[in-house]
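Asker: Before I ask anything, here is the structure I am working with.
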Amino acid sequence: MDLTLLQTAGWVFIALSVLFFALTAGFDFGIGMVLPFIGQNDTERRVVLNVSGPTWDGNQVWLIIAGALIFAFWPTAFGTAFPGFYIALILFLWTIFLRPVAFEYRAKIQHDTWRHMWDIALFLGSFAPTLISGVAVGNLLLGVPFSLDPITLRSSWDGGFLDLLSPFGLLTGLLAVVMYLMHSGAYLQLRTRGVIQQRARHITRVCAWIYIILFALGGWAIRHFVMGYHLDPNTGNLQGSIGGWLYNYAAHPWMKIAPVIGFIGALVAIFGTRLAHASLALLGTSLAVAGAILTAALSTFPFILVSTKAPAQSLSIWNTSSPAYPLHWLFWICLIMMPIIVIYTTIIYHKLWKKGPLTVEALHAEPHKFY
Amino acid sequence: MLPFEHVIELSRWQFAITALMHFLFVPLTLGLAWILFGMECLYYKTGNIVYKDMVRFWGKLFGINFAMGVVTGIVMEFELGVNWGYYSHYVGNIFGTSLAIEGTLAFMLESAVFGIFFFGWDKLSKGGHLFVTFCLALGSCLSAVMILVSNGWMQHPVSYGFNVNTMSADMKNFASIFFNETSQSMFAHTLTAGLTTASMFVAGISAFYLLRKRDMAFAKRSFVFSSVFGIISLIGVGFYGDHVGLDVNKVQKMKMAAIEAVWDTPKPPAAWHLIAFPSNTTMSNRFFVIDIPYALSLIADHSLSGTVEGMHSIVDHVTQRITNGRLAYLALVQLRENKADQNKLTPRQYHLAQTQFNQFKQDLGYGLLLKAYVGDNLQHVTPEQISEVAHKAIPQVWIIFYAFRLMVLAFGLMLLATLLAIFFYLRNTLWEKRWLLRTFTYLIPVPFLASSFGWIVAEHGRQPWVVEGVLPTGIGVSSLHAGQVWFSLIGFCLFYLVLFSIEVFLMFKFGRRGPSALHTGRYHFEQETN
């Protein structure tokens, strides 16, 4: 198979695993964030928690898969970006590992302080990783200050954790938070009834509007303030300019569909919520999530990590991908396994929810069955 | 620029702590999943509700354990990137590929069915749920296969070629990496160790109920089931452990010599040191040794003519390889400089550099080892420096020597207890032997310790390499500041301490409560309140 094709396929598979993560774990993270606020008492909070309960674990594995695929497809980018974002990633890990234990341990003891503690843990474990991953995406767009030793290709970074918190980085961080909140609102609309469903509608509506504003603001910043790059098609040299991330959309107009889907999705979500049509709202938020992620991905294609310190050393899929032989293996593994995962995940969702949404009454009837 | 010594040490400590922590939970997940599947098969076949309660109760403990396994597992993958960035760059196309297979093939399956295992009892048919439990066990098992394929490659790297253009070890043939004998024997040893851990765990807690004379039907069934499971697993773990030993003696001679504290190659039939006081500084065993005659030869290759190469002789080989490796590295630097600036070398110089590199490239790793200790400038290196670095290629012998013996001791204790349990059960006097039941409750932590000791032998025994003979640990580390790693190391210790305490607290709480925790109304504590 052609090397260019394999390298591009790697990019597609990684984008897909990030997308699947955002589409599924996205609402789990949103649910973690709204949990302390949406339920007025323990039973209501348990209903919300158990909407994620049976599936959060599998959803979160998309993160592990995305990480492993980056490791395998782009080893140098993995070994360069991760140490560079050291403190941010450590904080990401420390907070994300509150989630599995919170889900599993919260219901084990019936005590207010115990359960409150895990509610806070779940909030932190959902909010902080979402914010950090959003900030990280912003910084990938801005470029990061690394360079590679020309002999050993060992990477080194200037700048630390606080440099990541630029206004644009915070904007994308906030966008990620709002996006997941909106998505979880729609999912809760589908999976619950009554007062929780009412509150979920409110969350989706408000967050969808904020999402539209922030997404537009991000696009405006990209156009007017952010240095973007592309490879000159004739010479292959790196070209940088303000607004340069819009190059791909000019060269390949079909890509404009990504930001358009983002906006339309949010509007569909608002519309669906108003009609009290939960699946339509969920379709809308899913489109919005997909639109935002694809916009970031397509704008930066083929770059993975742009260096502000030594732009010529920027890592793209052309100079960072693994050699052809392992790429072949990875290509077939992803091509076979990803659809299989999607199929069995769908079956599991179907089996779990075929009896309809989760209600306060159902939880009261069998309190020991749930988280 | 090379990372500071300090960063290397701290990164090693952090990885060791997080990995050992992870492996407190993994073996139980690995083994208990199959025990749950076995119990559920009995439920499926007999329809006896007590088997379902067994699956649900032990499943509850499985869940508490699994959550911590997930938490500590996420850390492992990301840590490879954050702390071992150059390692990731260097071997990512090999190690990353097997991790990617692990994620898509195994870990996703295991995690996706984890929820429906707990919440699907009334949503699936009996057979459907059994299938889910099977997928849970299969997923965790496949996950172990791929992780051990990755780890085995670091112990015994096969089928790779060094690429000058990308400065990386590139995969040549995935099938030979997958069927690497080192990986396969390590996997079998790890899986059986997991089954042993879970058996001892279930047996130990069941023994507690038996001693308290609570929920006898439940506890007896659990105890017998896990003892039978345990004896098979223990035979397996010994058998495959022996295989791992044979393999180590073939492909990791330094580790083998360190495990056995062998400094001078003994003449066969060689004796096995039961107790010794190995010293890295004097390169000998101090004070006295207690030996078991002939045993080392039998361990080393199952014959009286087998032996283990001594560390003195290995260091001589290492010295030679460092000398060659230095030449390979110097040629590599020339080739790399020429890549950055095409006019750096004349065609003749280029040809010479290439010839020199190709001649010595199988020792490049040893050149990097020299670099890890001496620094960037390898132009002027004295033979004394080379000899000094060659001696640093010996890991801390006493740690490995005793970790190995403690692991074997743990194995012996578990085997003895389980054999006695089976013996008394067959004579129908098991339930009167309270001392034996009490022993089982005390044995609960032993398999966990045995796993930790085993990994200390495997990983510390490979030092100073992160990939044996290919990439030294000191080169594999990321370019970080010591302050960053101090921050994360302290944080990890605190976080893990808190989470581990909570986990153990819950395990004790539910372990003590027993099947009454299921709220079925059929068990001890529910009878009292009624």
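By convention here, the chains of the structure tokens are called A, B, ... in the order presented, each chain's residues are numbered starting at 1, and ligands are numbered starting at 1 in the order presented.
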Need the shell around A:Leu153: protein/DNA/RNA residues with any atom at most 12 Å away, counting only C-alpha atoms. Skip same-chain ones fewer than 4 positions apart. Format as an MDAnalysis selection string?
Answerer: (chainID A and resid 75:77 79:80 146:149 313 315 320) or (chainID B and resid 1:2 85:90 164:168 333 336:337 340 475 478:479)
Asker: Residues near A:Ala296, anyone? I mean within 12 Å using only C-alpha atoms, not counting same-chain ones fewer than 5 positions away, as an MDAnalysis selection string.
Answerer: chainID A and resid 15 18:19 134 136:142 172 176 215 218:219 222 228 245:246 248:249 255:256 258:259 262 289:291 301:304
Asker: Set the distance at 7 Å and use only C-alpha atoms: which residues neighbour A:Leu188 once local chain neighbours fewer than 3 positions away are removed? I'd like the list as a PDB file with C-alpha atoms, in the first residue's frame.
Answerer:
ATOM      1  CA  SER A 184     -24.573  15.472  28.611  1.00  0.00           C
ATOM      2  CA  GLY A 185     -27.728  17.579  28.820  1.00  0.00           C
ATOM      3  CA  ARG A 191     -32.263   8.684  29.513  1.00  0.00           C
ATOM      4  CA  THR A 192     -34.323  10.297  32.276  1.00  0.00           C
ATOM      5  CA  GLN A 197     -35.123  15.840  32.330  1.00  0.00           C
ATOM      6  CA  ALA A 200     -31.221  18.746  31.514  1.00  0.00           C
TER       7      ALA A 200
END
Asker: Return the neighbours of chain A among the residues of chain B, cut-off 6 Å, counting only C-alpha atoms, as a list in words.
Answerer: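 Those within range of chain A come out as Ala67, Val71, Gly81, Val82, Gly85, Tyr86, Ser88, His89, Gly92, Asn93, Gly96, Thr97, Leu99, Ala100, Gly103, Met108, Ser111, Ala112, Gly115, Ile116, Arg336 and Ser479 of chain B.
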Asker: Quick one: of A:Ala22, A:Gly32, A:Asp163, A:Met182, who's nearest to A:Phe123, counting only C-alpha atoms?
Answerer: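 Going through A:Ala22, A:Gly32, A:Asp163, A:Met182 one by one, the smallest distance to A:Phe123 is for A:Gly32.
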Asker: Which residues come within 8 Å of B:Leu364, counting only C-alpha atoms, excluding same-chain residues fewer than 6 positions away, as a list in words?
Answerer: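 That gives Asn324, Gly325, Arg326, Ala328, Tyr329 and Val470 of chain B.
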